[in-house]
>>> print(open('query-v6.cif').read())   # mmCIF, C-alpha atoms
data_final
loop_
_atom_site.group_PDB
_atom_site.id
_atom_site.type_symbol
_atom_site.label_atom_id
_atom_site.label_comp_id
_atom_site.auth_asym_id
_atom_site.auth_seq_id
_atom_site.Cartn_x
_atom_site.Cartn_y
_atom_site.Cartn_z
ATOM 1 C CA MET A 1 -38.335 0.402 -68.730
ATOM 2 C CA PRO A 2 -41.667 -1.487 -68.605
ATOM 3 C CA GLU A 3 -44.509 0.422 -66.958
ATOM 4 C CA GLU A 4 -45.053 -2.217 -64.302
ATOM 5 C CA ILE A 5 -41.618 -1.618 -62.738
ATOM 6 C CA PHE A 6 -42.042 2.025 -61.734
ATOM 7 C CA ASN A 7 -44.260 5.065 -62.054
ATOM 8 C CA ASP A 8 -43.353 8.724 -61.497
ATOM 9 C CA TYR A 9 -45.757 10.895 -59.507
ATOM 10 C CA ASP A 10 -45.614 14.627 -58.833
ATOM 11 C CA HIS A 11 -43.469 16.161 -56.066
ATOM 12 C CA GLY A 12 -40.375 14.096 -56.900
ATOM 13 C CA ILE A 13 -41.975 10.805 -55.838
ATOM 14 C CA SER A 14 -41.649 7.534 -57.738
ATOM 15 C CA CYS A 15 -43.396 4.231 -57.046
ATOM 16 C CA ILE A 16 -41.328 1.093 -57.666
ATOM 17 C CA ASP A 17 -42.913 -2.333 -57.953
ATOM 18 C CA SER A 18 -40.900 -4.416 -55.482
ATOM 19 C CA GLY A 19 -41.660 -7.629 -57.375
ATOM 20 C CA TYR A 20 -43.034 -9.326 -54.258
ATOM 21 C CA LEU A 21 -45.229 -12.352 -55.127
ATOM 22 C CA ARG A 22 -46.844 -10.806 -58.212
ATOM 23 C CA PRO A 23 -46.873 -7.512 -60.150
ATOM 24 C CA LYS A 24 -48.138 -4.498 -58.204
ATOM 25 C CA MET A 25 -48.433 -6.335 -54.920
ATOM 26 C CA ALA A 26 -46.013 -4.216 -52.855
ATOM 27 C CA ALA A 27 -44.449 -0.839 -53.519
ATOM 28 C CA ILE A 28 -41.210 0.917 -52.672
ATOM 29 C CA TYR A 29 -41.234 4.731 -52.832
ATOM 30 C CA LEU A 30 -38.383 6.979 -53.939
ATOM 31 C CA LEU A 31 -38.340 10.645 -52.860
ATOM 32 C CA GLU A 32 -35.955 13.059 -54.581
ATOM 33 C CA HIS A 33 -35.244 16.561 -53.308
ATOM 34 C CA ASN A 34 -32.262 18.845 -53.965
ATOM 35 C CA ASP A 35 -29.902 15.977 -54.829
ATOM 36 C CA GLU A 36 -30.831 13.922 -51.781
ATOM 37 C CA VAL A 37 -32.967 10.795 -51.793
ATOM 38 C CA ALA A 38 -35.136 8.918 -49.296
ATOM 39 C CA ILE A 39 -36.402 5.383 -49.882
ATOM 40 C CA ILE A 40 -39.585 4.373 -48.076
ATOM 41 C CA GLU A 41 -40.111 0.596 -47.764
ATOM 42 C CA THR A 42 -37.394 -1.788 -48.923
ATOM 43 C CA GLY A 43 -39.267 -4.756 -50.341
ATOM 44 C CA THR A 44 -37.151 -7.907 -50.099
ATOM 45 C CA ASN A 45 -33.543 -8.667 -50.958
ATOM 46 C CA HIS A 46 -34.780 -9.477 -54.464
ATOM 47 C CA SER A 47 -36.119 -5.912 -54.841
ATOM 48 C CA LEU A 48 -32.763 -4.132 -54.639
ATOM 49 C CA SER A 49 -31.964 -4.542 -58.334
ATOM 50 C CA LYS A 50 -35.191 -2.732 -59.259
ATOM 51 C CA VAL A 51 -34.289 0.203 -57.026
ATOM 52 C CA LEU A 52 -30.772 0.388 -58.446
ATOM 53 C CA THR A 53 -32.126 0.287 -62.003
ATOM 54 C CA LEU A 54 -34.347 3.287 -61.315
ATOM 55 C CA LEU A 55 -31.545 5.194 -59.589
ATOM 56 C CA ASP A 56 -29.319 4.584 -62.593
ATOM 57 C CA LYS A 57 -32.053 5.744 -64.971
ATOM 58 C CA LYS A 58 -32.360 8.959 -62.951
ATOM 59 C CA ASN A 59 -28.552 9.420 -62.730
ATOM 60 C CA ILE A 60 -28.674 9.130 -58.947
ATOM 61 C CA VAL A 61 -25.618 7.607 -57.287
ATOM 62 C CA PRO A 62 -25.844 5.482 -54.102
ATOM 63 C CA SER A 63 -24.165 8.157 -51.974
ATOM 64 C CA GLN A 64 -27.167 10.462 -52.534
ATOM 65 C CA VAL A 65 -29.493 8.160 -50.591
ATOM 66 C CA HIS A 66 -29.852 9.825 -47.191
ATOM 67 C CA TYR A 67 -32.658 7.792 -45.572
ATOM 68 C CA VAL A 68 -34.012 4.250 -45.845
ATOM 69 C CA ILE A 69 -37.368 4.019 -44.036
ATOM 70 C CA PRO A 70 -39.360 0.783 -43.679
ATOM 71 C CA THR A 71 -42.771 1.453 -42.144
ATOM 72 C CA HIS A 72 -42.479 -1.720 -40.053
ATOM 73 C CA VAL A 73 -40.378 -4.875 -40.004
ATOM 74 C CA HIS A 74 -42.699 -7.331 -41.752
ATOM 75 C CA LEU A 75 -40.546 -8.761 -44.501
ATOM 76 C CA ASP A 76 -42.427 -7.389 -47.518
ATOM 77 C CA HIS A 77 -41.659 -3.942 -46.046
ATOM 78 C CA ALA A 78 -38.228 -4.383 -44.459
ATOM 79 C CA GLY A 79 -36.709 -7.614 -45.788
ATOM 80 C CA GLY A 80 -34.320 -5.711 -48.041
ATOM 81 C CA ALA A 81 -33.131 -3.235 -45.396
ATOM 82 C CA GLY A 82 -29.762 -4.908 -44.792
ATOM 83 C CA SER A 83 -28.879 -5.249 -48.461
ATOM 84 C CA MET A 84 -29.850 -1.619 -49.108
ATOM 85 C CA MET A 85 -27.726 -0.335 -46.237
ATOM 86 C CA GLU A 86 -24.724 -2.178 -47.681
ATOM 87 C CA ILE A 87 -25.178 -0.374 -51.006
ATOM 88 C CA PHE A 88 -26.029 3.125 -49.716
ATOM 89 C CA PRO A 89 -23.017 4.263 -47.662
ATOM 90 C CA ASN A 90 -24.450 7.554 -46.383
ATOM 91 C CA ALA A 91 -27.934 6.327 -45.521
ATOM 92 C CA GLU A 92 -29.497 6.169 -42.080
ATOM 93 C CA LEU A 93 -32.082 3.469 -41.430
ATOM 94 C CA ILE A 94 -35.139 5.024 -39.790
ATOM 95 C CA VAL A 95 -37.274 2.531 -37.865
ATOM 96 C CA HIS A 96 -39.693 2.332 -34.955
ATOM 97 C CA PRO A 97 -37.836 1.664 -31.668
ATOM 98 C CA ARG A 98 -39.696 -1.660 -31.260
ATOM 99 C CA GLY A 99 -38.505 -2.836 -34.673
ATOM 100 C CA ALA A 100 -34.858 -1.795 -34.515
ATOM 101 C CA ARG A 101 -33.539 -4.885 -32.709
ATOM 102 C CA HIS A 102 -35.001 -7.157 -35.397
ATOM 103 C CA LEU A 103 -32.942 -5.403 -38.063
ATOM 104 C CA VAL A 104 -29.774 -5.545 -35.962
ATOM 105 C CA ASP A 105 -30.377 -9.275 -35.449
ATOM 106 C CA PRO A 106 -32.894 -10.553 -38.028
ATOM 107 C CA SER A 107 -32.601 -14.207 -36.992
ATOM 108 C CA ARG A 108 -35.955 -14.170 -35.170
ATOM 109 C CA LEU A 109 -37.717 -12.714 -38.208
ATOM 110 C CA MET A 110 -36.184 -15.386 -40.424
ATOM 111 C CA LYS A 111 -37.023 -18.199 -38.014
ATOM 112 C CA GLY A 112 -40.670 -17.182 -37.749
ATOM 113 C CA VAL A 113 -41.205 -17.067 -41.504
ATOM 114 C CA ILE A 114 -39.350 -20.353 -42.107
ATOM 115 C CA GLU A 115 -41.552 -22.057 -39.518
ATOM 116 C CA VAL A 116 -44.636 -20.966 -41.450
ATOM 117 C CA TYR A 117 -43.495 -21.379 -45.066
ATOM 118 C CA GLY A 118 -40.527 -23.750 -44.950
ATOM 119 C CA GLN A 119 -36.939 -23.067 -45.978
ATOM 120 C CA GLU A 120 -37.406 -23.400 -49.742
ATOM 121 C CA LYS A 121 -40.354 -20.986 -49.929
ATOM 122 C CA TYR A 122 -38.589 -18.585 -47.577
ATOM 123 C CA ASP A 123 -35.468 -18.530 -49.758
ATOM 124 C CA SER A 124 -37.457 -17.884 -52.922
ATOM 125 C CA LEU A 125 -39.404 -15.010 -51.346
ATOM 126 C CA TYR A 126 -36.813 -13.263 -49.206
ATOM 127 C CA GLY A 127 -33.266 -14.613 -49.323
ATOM 128 C CA GLU A 128 -31.045 -14.421 -46.258
ATOM 129 C CA LEU A 129 -31.604 -11.260 -44.252
ATOM 130 C CA ILE A 130 -28.547 -9.075 -43.733
ATOM 131 C CA ALA A 131 -27.999 -7.546 -40.295
ATOM 132 C CA VAL A 132 -27.686 -3.764 -40.035
ATOM 133 C CA SER A 133 -25.058 -2.197 -37.806
ATOM 134 C CA LYS A 134 -26.676 -0.592 -34.768
ATOM 135 C CA ASN A 135 -24.806 2.664 -35.314
ATOM 136 C CA ARG A 136 -26.554 3.168 -38.662
ATOM 137 C CA ILE A 137 -30.056 2.820 -37.221
ATOM 138 C CA VAL A 138 -32.082 5.761 -35.945
ATOM 139 C CA GLU A 139 -34.890 4.742 -33.613
ATOM 140 C CA ALA A 140 -37.620 7.151 -34.595
ATOM 141 C CA ALA A 141 -39.568 8.727 -31.751
ATOM 142 C CA ASP A 142 -43.144 9.778 -32.416
ATOM 143 C CA GLU A 143 -43.214 13.196 -34.139
ATOM 144 C CA MET A 144 -39.553 12.960 -35.112
ATOM 145 C CA GLU A 145 -38.725 15.306 -38.004
ATOM 146 C CA LEU A 146 -36.366 14.324 -40.810
ATOM 147 C CA ASP A 147 -34.663 16.838 -43.074
ATOM 148 C CA LEU A 148 -34.255 15.717 -46.680
ATOM 149 C CA ALA A 149 -32.207 18.604 -48.084
ATOM 150 C CA GLY A 150 -34.770 21.083 -46.761
ATOM 151 C CA ARG A 151 -37.814 18.876 -47.314
ATOM 152 C CA LYS A 152 -39.645 18.096 -44.083
ATOM 153 C CA LEU A 153 -40.624 14.489 -43.383
ATOM 154 C CA LEU A 154 -42.476 13.730 -40.159
ATOM 155 C CA VAL A 155 -42.572 10.300 -38.505
ATOM 156 C CA ARG A 156 -45.687 9.323 -36.568
ATOM 157 C CA HIS A 157 -46.209 6.129 -34.601
ATOM 158 C CA THR A 158 -49.285 4.358 -35.978
ATOM 159 C CA PRO A 159 -49.979 1.103 -34.106
ATOM 160 C CA GLY A 160 -52.906 -1.146 -34.931
ATOM 161 C CA HIS A 161 -51.566 -3.315 -37.725
ATOM 162 C CA ALA A 162 -48.359 -3.749 -35.714
ATOM 163 C CA GLU A 163 -47.028 -2.121 -32.573
ATOM 164 C CA HIS A 164 -43.834 -1.183 -34.419
ATOM 165 C CA HIS A 165 -45.556 0.645 -37.293
ATOM 166 C CA ILE A 166 -44.769 4.186 -38.432
ATOM 167 C CA CYS A 167 -46.211 6.389 -41.153
ATOM 168 C CA ILE A 168 -44.331 9.232 -42.838
ATOM 169 C CA TRP A 169 -45.902 12.621 -43.543
ATOM 170 C CA ASP A 170 -44.462 14.524 -46.504
ATOM 171 C CA GLU A 171 -45.254 18.210 -46.075
ATOM 172 C CA LEU A 172 -44.468 19.072 -49.706
ATOM 173 C CA SER A 173 -46.936 16.645 -51.285
ATOM 174 C CA LYS A 174 -49.426 16.809 -48.396
ATOM 175 C CA GLY A 175 -49.252 13.027 -48.425
ATOM 176 C CA TRP A 176 -48.762 10.054 -46.110
ATOM 177 C CA PHE A 177 -46.710 6.961 -46.765
ATOM 178 C CA THR A 178 -49.050 4.590 -44.994
ATOM 179 C CA GLY A 179 -47.451 1.141 -44.959
ATOM 180 C CA ASP A 180 -50.323 -1.138 -43.900
ATOM 181 C CA THR A 181 -52.179 1.360 -41.701
ATOM 182 C CA PHE A 182 -54.633 2.455 -44.419
ATOM 183 C CA GLY A 183 -55.189 -1.053 -45.665
ATOM 184 C CA VAL A 184 -54.829 -2.770 -49.020
ATOM 185 C CA SER A 185 -56.140 -1.516 -52.353
ATOM 186 C CA TYR A 186 -54.540 -3.212 -55.342
ATOM 187 C CA GLN A 187 -54.771 -1.778 -58.829
ATOM 188 C CA GLU A 188 -57.280 -4.505 -59.730
ATOM 189 C CA MET A 189 -59.608 -3.042 -57.063
ATOM 190 C CA ILE A 190 -60.002 0.326 -58.799
ATOM 191 C CA GLY A 191 -63.329 1.008 -60.504
ATOM 192 C CA SER A 192 -64.307 3.803 -62.850
ATOM 193 C CA GLU A 193 -65.290 6.198 -60.048
ATOM 194 C CA THR A 194 -63.944 4.709 -56.804
ATOM 195 C CA ARG A 195 -61.743 1.950 -55.422
ATOM 196 C CA HIS A 196 -62.142 -0.770 -52.847
ATOM 197 C CA ILE A 197 -59.970 -0.892 -49.722
ATOM 198 C CA ILE A 198 -59.726 -3.697 -47.193
ATOM 199 C CA PRO A 199 -58.105 -3.448 -43.759
ATOM 200 C CA THR A 200 -55.062 -5.465 -42.771
ATOM 201 C CA THR A 201 -55.749 -7.435 -39.581
ATOM 202 C CA SER A 202 -52.969 -9.980 -39.984
ATOM 203 C CA PRO A 203 -51.154 -11.631 -37.035
ATOM 204 C CA VAL A 204 -49.924 -11.068 -34.453
ATOM 205 C CA GLN A 205 -50.456 -7.541 -33.111
ATOM 206 C CA PHE A 206 -53.726 -6.412 -34.685
ATOM 207 C CA SER A 207 -55.649 -4.018 -32.429
ATOM 208 C CA PRO A 208 -58.856 -2.528 -33.858
ATOM 209 C CA GLU A 209 -58.995 0.397 -31.444
ATOM 210 C CA LYS A 210 -55.396 1.394 -32.133
ATOM 211 C CA LEU A 211 -55.784 0.964 -35.882
ATOM 212 C CA ILE A 212 -58.889 3.166 -36.026
ATOM 213 C CA ASN A 213 -57.115 5.780 -33.890
ATOM 214 C CA SER A 214 -54.114 5.680 -36.240
ATOM 215 C CA ILE A 215 -56.352 6.220 -39.270
ATOM 216 C CA SER A 216 -57.939 9.187 -37.477
ATOM 217 C CA LEU A 217 -54.475 10.566 -36.778
ATOM 218 C CA LEU A 218 -53.583 10.397 -40.483
ATOM 219 C CA MET A 219 -56.810 12.157 -41.449
ATOM 220 C CA SER A 220 -56.237 14.921 -38.881
ATOM 221 C CA TYR A 221 -53.488 16.267 -41.162
ATOM 222 C CA ASN A 222 -56.029 16.782 -43.978
ATOM 223 C CA PRO A 223 -53.929 14.816 -46.473
ATOM 224 C CA GLU A 224 -54.514 15.277 -50.182
ATOM 225 C CA ARG A 225 -53.067 11.886 -51.062
ATOM 226 C CA LEU A 226 -51.804 8.628 -49.595
ATOM 227 C CA TYR A 227 -49.012 6.419 -50.908
ATOM 228 C CA LEU A 228 -50.120 2.865 -50.177
ATOM 229 C CA THR A 229 -47.554 0.098 -49.993
ATOM 230 C CA HIS A 230 -50.296 -2.208 -51.334
ATOM 231 C CA PHE A 231 -50.561 -0.408 -53.809
ATOM 232 C CA GLY A 232 -49.899 3.011 -55.273
ATOM 233 C CA LEU A 233 -51.276 6.536 -55.079
ATOM 234 C CA LEU A 234 -54.663 7.106 -53.434
ATOM 235 C CA GLU A 235 -56.123 10.594 -53.845
ATOM 236 C CA ASN A 236 -58.940 12.197 -51.843
ATOM 237 C CA PRO A 237 -58.397 9.827 -48.887
ATOM 238 C CA GLN A 238 -61.046 11.508 -46.719
ATOM 239 C CA CYS A 239 -63.615 9.803 -48.967
ATOM 240 C CA TYR A 240 -62.391 6.391 -47.808
ATOM 241 C CA SER A 241 -61.372 6.721 -44.168
ATOM 242 C CA GLU A 242 -64.806 6.384 -42.514
ATOM 243 C CA LYS A 243 -65.720 3.368 -44.617
ATOM 244 C CA LEU A 244 -62.369 1.730 -43.807
ATOM 245 C CA CYS A 245 -62.981 2.174 -40.074
ATOM 246 C CA GLN A 246 -66.452 0.673 -40.464
ATOM 247 C CA HIS A 247 -64.837 -2.208 -42.316
ATOM 248 C CA ILE A 248 -62.502 -2.867 -39.376
ATOM 249 C CA SER A 249 -65.450 -2.882 -36.981
ATOM 250 C CA TYR A 250 -67.340 -5.320 -39.218
ATOM 251 C CA TYR A 251 -64.378 -7.704 -39.260
ATOM 252 C CA CYS A 252 -64.340 -7.650 -35.463
ATOM 253 C CA GLU A 253 -68.087 -8.351 -35.305
ATOM 254 C CA VAL A 254 -67.593 -11.370 -37.583
ATOM 255 C CA ALA A 255 -64.744 -12.588 -35.399
ATOM 256 C CA GLN A 256 -66.791 -12.211 -32.210
ATOM 257 C CA ALA A 257 -69.704 -14.095 -33.775
ATOM 258 C CA ASN A 258 -67.398 -17.030 -34.502
ATOM 259 C CA ARG A 259 -65.471 -16.969 -31.234
ATOM 260 C CA ASN A 260 -66.803 -20.324 -29.998
ATOM 261 C CA THR A 261 -67.214 -22.152 -33.305
ATOM 262 C CA SER A 262 -65.085 -24.992 -34.576
ATOM 263 C CA ASN A 263 -62.582 -23.892 -37.240
ATOM 264 C CA PRO A 264 -63.025 -20.159 -36.525
ATOM 265 C CA ILE A 265 -60.342 -19.120 -39.031
ATOM 266 C CA GLU A 266 -62.156 -20.897 -41.840
ATOM 267 C CA LYS A 267 -65.555 -19.480 -40.872
ATOM 268 C CA ILE A 268 -64.251 -15.927 -40.463
ATOM 269 C CA GLU A 269 -62.403 -16.107 -43.766
ATOM 270 C CA ASP A 270 -65.535 -17.323 -45.546
ATOM 271 C CA ALA A 271 -67.664 -14.529 -44.062
ATOM 272 C CA ILE A 272 -65.260 -11.718 -44.913
ATOM 273 C CA PHE A 273 -64.711 -13.186 -48.384
ATOM 274 C CA ARG A 274 -68.453 -12.947 -49.060
ATOM 275 C CA LYS A 275 -68.422 -9.333 -47.859
ATOM 276 C CA GLU A 276 -65.439 -8.361 -50.002
ATOM 277 C CA SER A 277 -66.773 -10.186 -53.043
ATOM 278 C CA SER A 278 -70.089 -8.373 -52.781
ATOM 279 C CA GLN A 279 -68.501 -4.955 -52.386
ATOM 280 C CA LEU A 280 -66.019 -5.507 -55.193
ATOM 281 C CA SER A 281 -68.865 -6.525 -57.496
ATOM 282 C CA GLU A 282 -70.558 -3.187 -56.830
ATOM 283 C CA ILE A 283 -67.661 -1.201 -58.273
ATOM 284 C CA LEU A 284 -66.373 -3.872 -60.685
ATOM 285 C CA PRO A 285 -69.480 -5.493 -62.202
ATOM 286 C CA ASP A 286 -67.445 -7.823 -64.415
ATOM 287 C CA ILE A 287 -65.344 -9.376 -61.653
ATOM 288 C CA ASP A 288 -66.190 -12.996 -60.861
ATOM 289 C CA ARG A 289 -65.737 -15.166 -57.773
ATOM 290 C CA ALA A 290 -62.609 -16.854 -59.133
ATOM 291 C CA GLN A 291 -60.932 -13.468 -59.712
ATOM 292 C CA VAL A 292 -61.745 -12.348 -56.186
ATOM 293 C CA HIS A 293 -60.228 -15.572 -54.834
ATOM 294 C CA GLU A 294 -57.077 -15.036 -56.868
ATOM 295 C CA LEU A 295 -56.812 -11.422 -55.769
ATOM 296 C CA LEU A 296 -57.614 -11.676 -52.060
ATOM 297 C CA ASP A 297 -57.307 -15.249 -50.751
ATOM 298 C CA MET A 298 -53.886 -14.703 -49.177
ATOM 299 C CA ASP A 299 -54.840 -11.397 -47.537
ATOM 300 C CA LEU A 300 -58.158 -12.675 -46.228
ATOM 301 C CA ASN A 301 -56.602 -15.809 -44.779
ATOM 302 C CA LEU A 302 -54.022 -13.696 -42.968
ATOM 303 C CA ASN A 303 -56.757 -11.327 -41.815
ATOM 304 C CA ALA A 304 -58.776 -14.236 -40.417
ATOM 305 C CA GLN A 305 -55.710 -15.579 -38.602
ATOM 306 C CA GLY A 306 -55.038 -12.158 -37.117
ATOM 307 C CA LEU A 307 -58.626 -11.790 -35.967
ATOM 308 C CA VAL A 308 -58.446 -15.123 -34.133
ATOM 309 C CA VAL A 309 -55.186 -14.087 -32.457
ATOM 310 C CA TRP A 310 -56.913 -10.854 -31.414
ATOM 311 C CA LEU A 311 -59.884 -12.800 -30.010
ATOM 312 C CA ASN A 312 -57.606 -15.065 -28.004
ATOM 313 C CA ARG A 313 -55.626 -12.146 -26.682
ATOM 314 C CA SER A 314 -58.685 -10.112 -25.714
#
>>> encode(input="query-v6.cif", output="structure tokens")
Amino acid sequence: MPEEIFNDYDHGISCIDSGYLRPKMAAIYLLEHNDEVAIIETGTNHSLSKVLTLLDKKNIVPSQVHYVIPTHVHLDHAGGAGSMMEIFPNAELIVHPRGARHLVDPSRLMKGVIEVYGQEKYDSLYGELIAVSKNRIVEAADEMELDLAGRKLLVRHTPGHAEHHICIWDELSKGWFTGDTFGVSYQEMIGSETRHIIPTTSPVQFSPEKLINSISLLMSYNPERLYLTHFGLLENPQCYSEKLCQHISYYCEVAQANRNTSNPIEKIEDAIFRKESSQLSEILPDIDRAQVHELLDMDLNLNAQGLVVWLNRS
């Protein structure tokens, strides 16, 4: 199988490229332990075939999947939940209580994305969302423990990117599955000695105070590694957490400075682009402006939109 589709890590963890938008944009994680399996993040409906291909390669049958766990219900993380639950007969869907209703009735999620992107783009990215029966959903309370054939997984509520966000602590690997809480760090943002991470401040529930508190919560467990949805394994996370929190504060300062300007989204996006471009150039001397645009334009536009929503709300 081509390298870009999946990568095996230690501790029975595999990273699957969900195929969302471009290679290595969004990950799905597979945990194997004593003949039981958990899947963290679902990607979109179009991602299911990649998961099934890996399961087949590992001689894992669908009945061995015990948990399906999206970190939140944004569609690059949970769009494939319904199609997965149809295929995995013994699985429970673990989700934040605020997100559960959107997976029982995904019509509101679909409507919101179609309004932004249009029907044709929506269909190509996500396909029709499949509702999940309420009796197969477990609404995960904060500090809920899951038992994967003797392997302890702990669910923590981590608002800031979204109110309905959870992260999953894996005791065996001493690692967090972070969703969007610990930001975005694509493979193209990795230098020879360090990597660049940007926060996710996208609409509509961004809260800087809550996000910084959630990052502090993750670090309080002294993790040895993080499994980023965007994208891949991050080791020695304590080296990055303080800088990421400073980054969030800087974004908010930029937003406040442009509160009363015309076209605030455009001005905020331009300012944070210049910041990211400068910092990326420090660790990747050969990267040029066009490459930064290609890599980050979508994320930075969403971040600017989310910052303006935050300004208006606050």
>>> closest_residue(input="query-v6.cif", among="A:Pro208, A:Ser202, A:Leu148, A:Leu244", to="Val308 (chain A)", atoms="all atoms listed in the file")
A:Ser202
>>> resolve_selection(input="query-v6.cif", expression="the PyMOL selection byres ((chain A and resi 122-130) around 8)", output="list in words")
Tyr20, Leu21, Thr44, Asn45, His46, Leu75, Gly79, Gly80, Ala81, Gly82, Ser83, Pro106, Ser107, Met110, Val113, Ile114, Tyr117, Gly118, Gln119, Glu120, Lys121, Ala131 and Val132 of chain A
>>> write_last_selection(input="query-v6.cif", atoms="C-alpha atoms", output="PDB file, in the coordinates of the input")
ATOM      1  CA  TYR A  20     -43.034  -9.326 -54.258  1.00  0.00           C
ATOM      2  CA  LEU A  21     -45.229 -12.352 -55.127  1.00  0.00           C
ATOM      3  CA  THR A  44     -37.151  -7.907 -50.099  1.00  0.00           C
ATOM      4  CA  ASN A  45     -33.543  -8.667 -50.958  1.00  0.00           C
ATOM      5  CA  HIS A  46     -34.780  -9.477 -54.464  1.00  0.00           C
ATOM      6  CA  LEU A  75     -40.546  -8.761 -44.501  1.00  0.00           C
ATOM      7  CA  GLY A  79     -36.709  -7.614 -45.788  1.00  0.00           C
ATOM      8  CA  GLY A  80     -34.320  -5.711 -48.041  1.00  0.00           C
ATOM      9  CA  ALA A  81     -33.131  -3.235 -45.396  1.00  0.00           C
ATOM     10  CA  GLY A  82     -29.762  -4.908 -44.792  1.00  0.00           C
ATOM     11  CA  SER A  83     -28.879  -5.249 -48.461  1.00  0.00           C
ATOM     12  CA  PRO A 106     -32.894 -10.553 -38.028  1.00  0.00           C
ATOM     13  CA  SER A 107     -32.601 -14.207 -36.992  1.00  0.00           C
ATOM     14  CA  MET A 110     -36.184 -15.386 -40.424  1.00  0.00           C
ATOM     15  CA  VAL A 113     -41.205 -17.067 -41.504  1.00  0.00           C
ATOM     16  CA  ILE A 114     -39.350 -20.353 -42.107  1.00  0.00           C
ATOM     17  CA  TYR A 117     -43.495 -21.379 -45.066  1.00  0.00           C
ATOM     18  CA  GLY A 118     -40.527 -23.750 -44.950  1.00  0.00           C
ATOM     19  CA  GLN A 119     -36.939 -23.067 -45.978  1.00  0.00           C
ATOM     20  CA  GLU A 120     -37.406 -23.400 -49.742  1.00  0.00           C
ATOM     21  CA  LYS A 121     -40.354 -20.986 -49.929  1.00  0.00           C
ATOM     22  CA  ALA A 131     -27.999  -7.546 -40.295  1.00  0.00           C
ATOM     23  CA  VAL A 132     -27.686  -3.764 -40.035  1.00  0.00           C
TER      24      VAL A 132
END
>>> resolve_selection(input="query-v6.cif", expression="the PyMOL selection byres ((chain A and resi 163-180) around 8)", output="number ranges by chain")
A: 10-11, 40-41, 71-73, 77, 95-99, 151-162, 181-184, 200, 205, 218, 222-230
>>> atom_distance(input="query-v6.cif", atom1="CA of Ile87 (chain A)", atom2="CA of Val37 (chain A)")
13.6 Å
>>> resolve_selection(input="query-v6.cif", expression="the PyMOL selection byres ((chain A and resi 292) around 12)", output="NGL selection string")
:A and (186 or 188-189 or 272-281 or 284-291 or 293-300)
>>> residues_around(input="query-v6.cif", residues="Ile283 (chain A)", least_positions_apart="5", cutoff="8 Å", atoms="only C-alpha atoms", output="ChimeraX atom specification")
/A:190-196
>>> residues_around(input="query-v6.cif", residues="Ser241 (chain A)", least_positions_apart="5", cutoff="8 Å", atoms="all atoms listed in the file", output="list in words")
Phe182, Ile215, Ser216 and Met219 of chain A
>>> write_last_selection(input="query-v6.cif", atoms="C-alpha atoms", output="mmCIF file, keeping the file's coordinate frame")
data_model
loop_
_atom_site.group_PDB
_atom_site.id
_atom_site.type_symbol
_atom_site.label_atom_id
_atom_site.label_comp_id
_atom_site.auth_asym_id
_atom_site.auth_seq_id
_atom_site.Cartn_x
_atom_site.Cartn_y
_atom_site.Cartn_z
ATOM 1 C CA PHE A 182 -54.633 2.455 -44.419
ATOM 2 C CA ILE A 215 -56.352 6.220 -39.270
ATOM 3 C CA SER A 216 -57.939 9.187 -37.477
ATOM 4 C CA MET A 219 -56.810 12.157 -41.449
#
>>> closest_residue(input="query-v6.cif", among="A:Cys15, A:Leu55, A:Val138, A:Ile28", to="Ala78 (chain A)", atoms="all atoms listed in the file")
A:Ile28
>>> atom_distance(input="query-v6.cif", atom1="CA of Lys243 (chain A)", atom2="CA of Asn301 (chain A)")
21.2 Å
>>> residues_around(input="query-v6.cif", residues="Gln305 (chain A)", least_positions_apart="3", cutoff="10 Å", atoms="all atoms listed in the file", output="ChimeraX atom specification")
/A:201-204,264-266,268-269,299-302,308-311
>>> atom_distance(input="query-v6.cif", atom1="CA of Ile60 (chain A)", atom2="CA of Ser14 (chain A)")
13.1 Å
>>> residues_around(input="query-v6.cif", residues="Leu31 (chain A)", least_positions_apart="5", cutoff="6 Å", atoms="all atoms listed in the file", output="PyMOL selection string")
chain A and resi 12-13+37-38
>>> residues_around(input="query-v6.cif", residues="His247 (chain A)", least_positions_apart="6", cutoff="9 Å", atoms="only C-alpha atoms", output="tab-separated table (two decimals) with C-alpha atoms, in the frame of the given file")
chain	number	residue	atom	x	y	z
A	197	ILE	CA	-59.97	-0.89	-49.72
A	198	ILE	CA	-59.73	-3.70	-47.19
A	199	PRO	CA	-58.10	-3.45	-43.76
>>> closest_residue(input="query-v6.cif", among="A:Val254, A:Leu48, A:Ala149, A:Ala140", to="Asp35 (chain A)", atoms="all atoms listed in the file")
A:Ala149
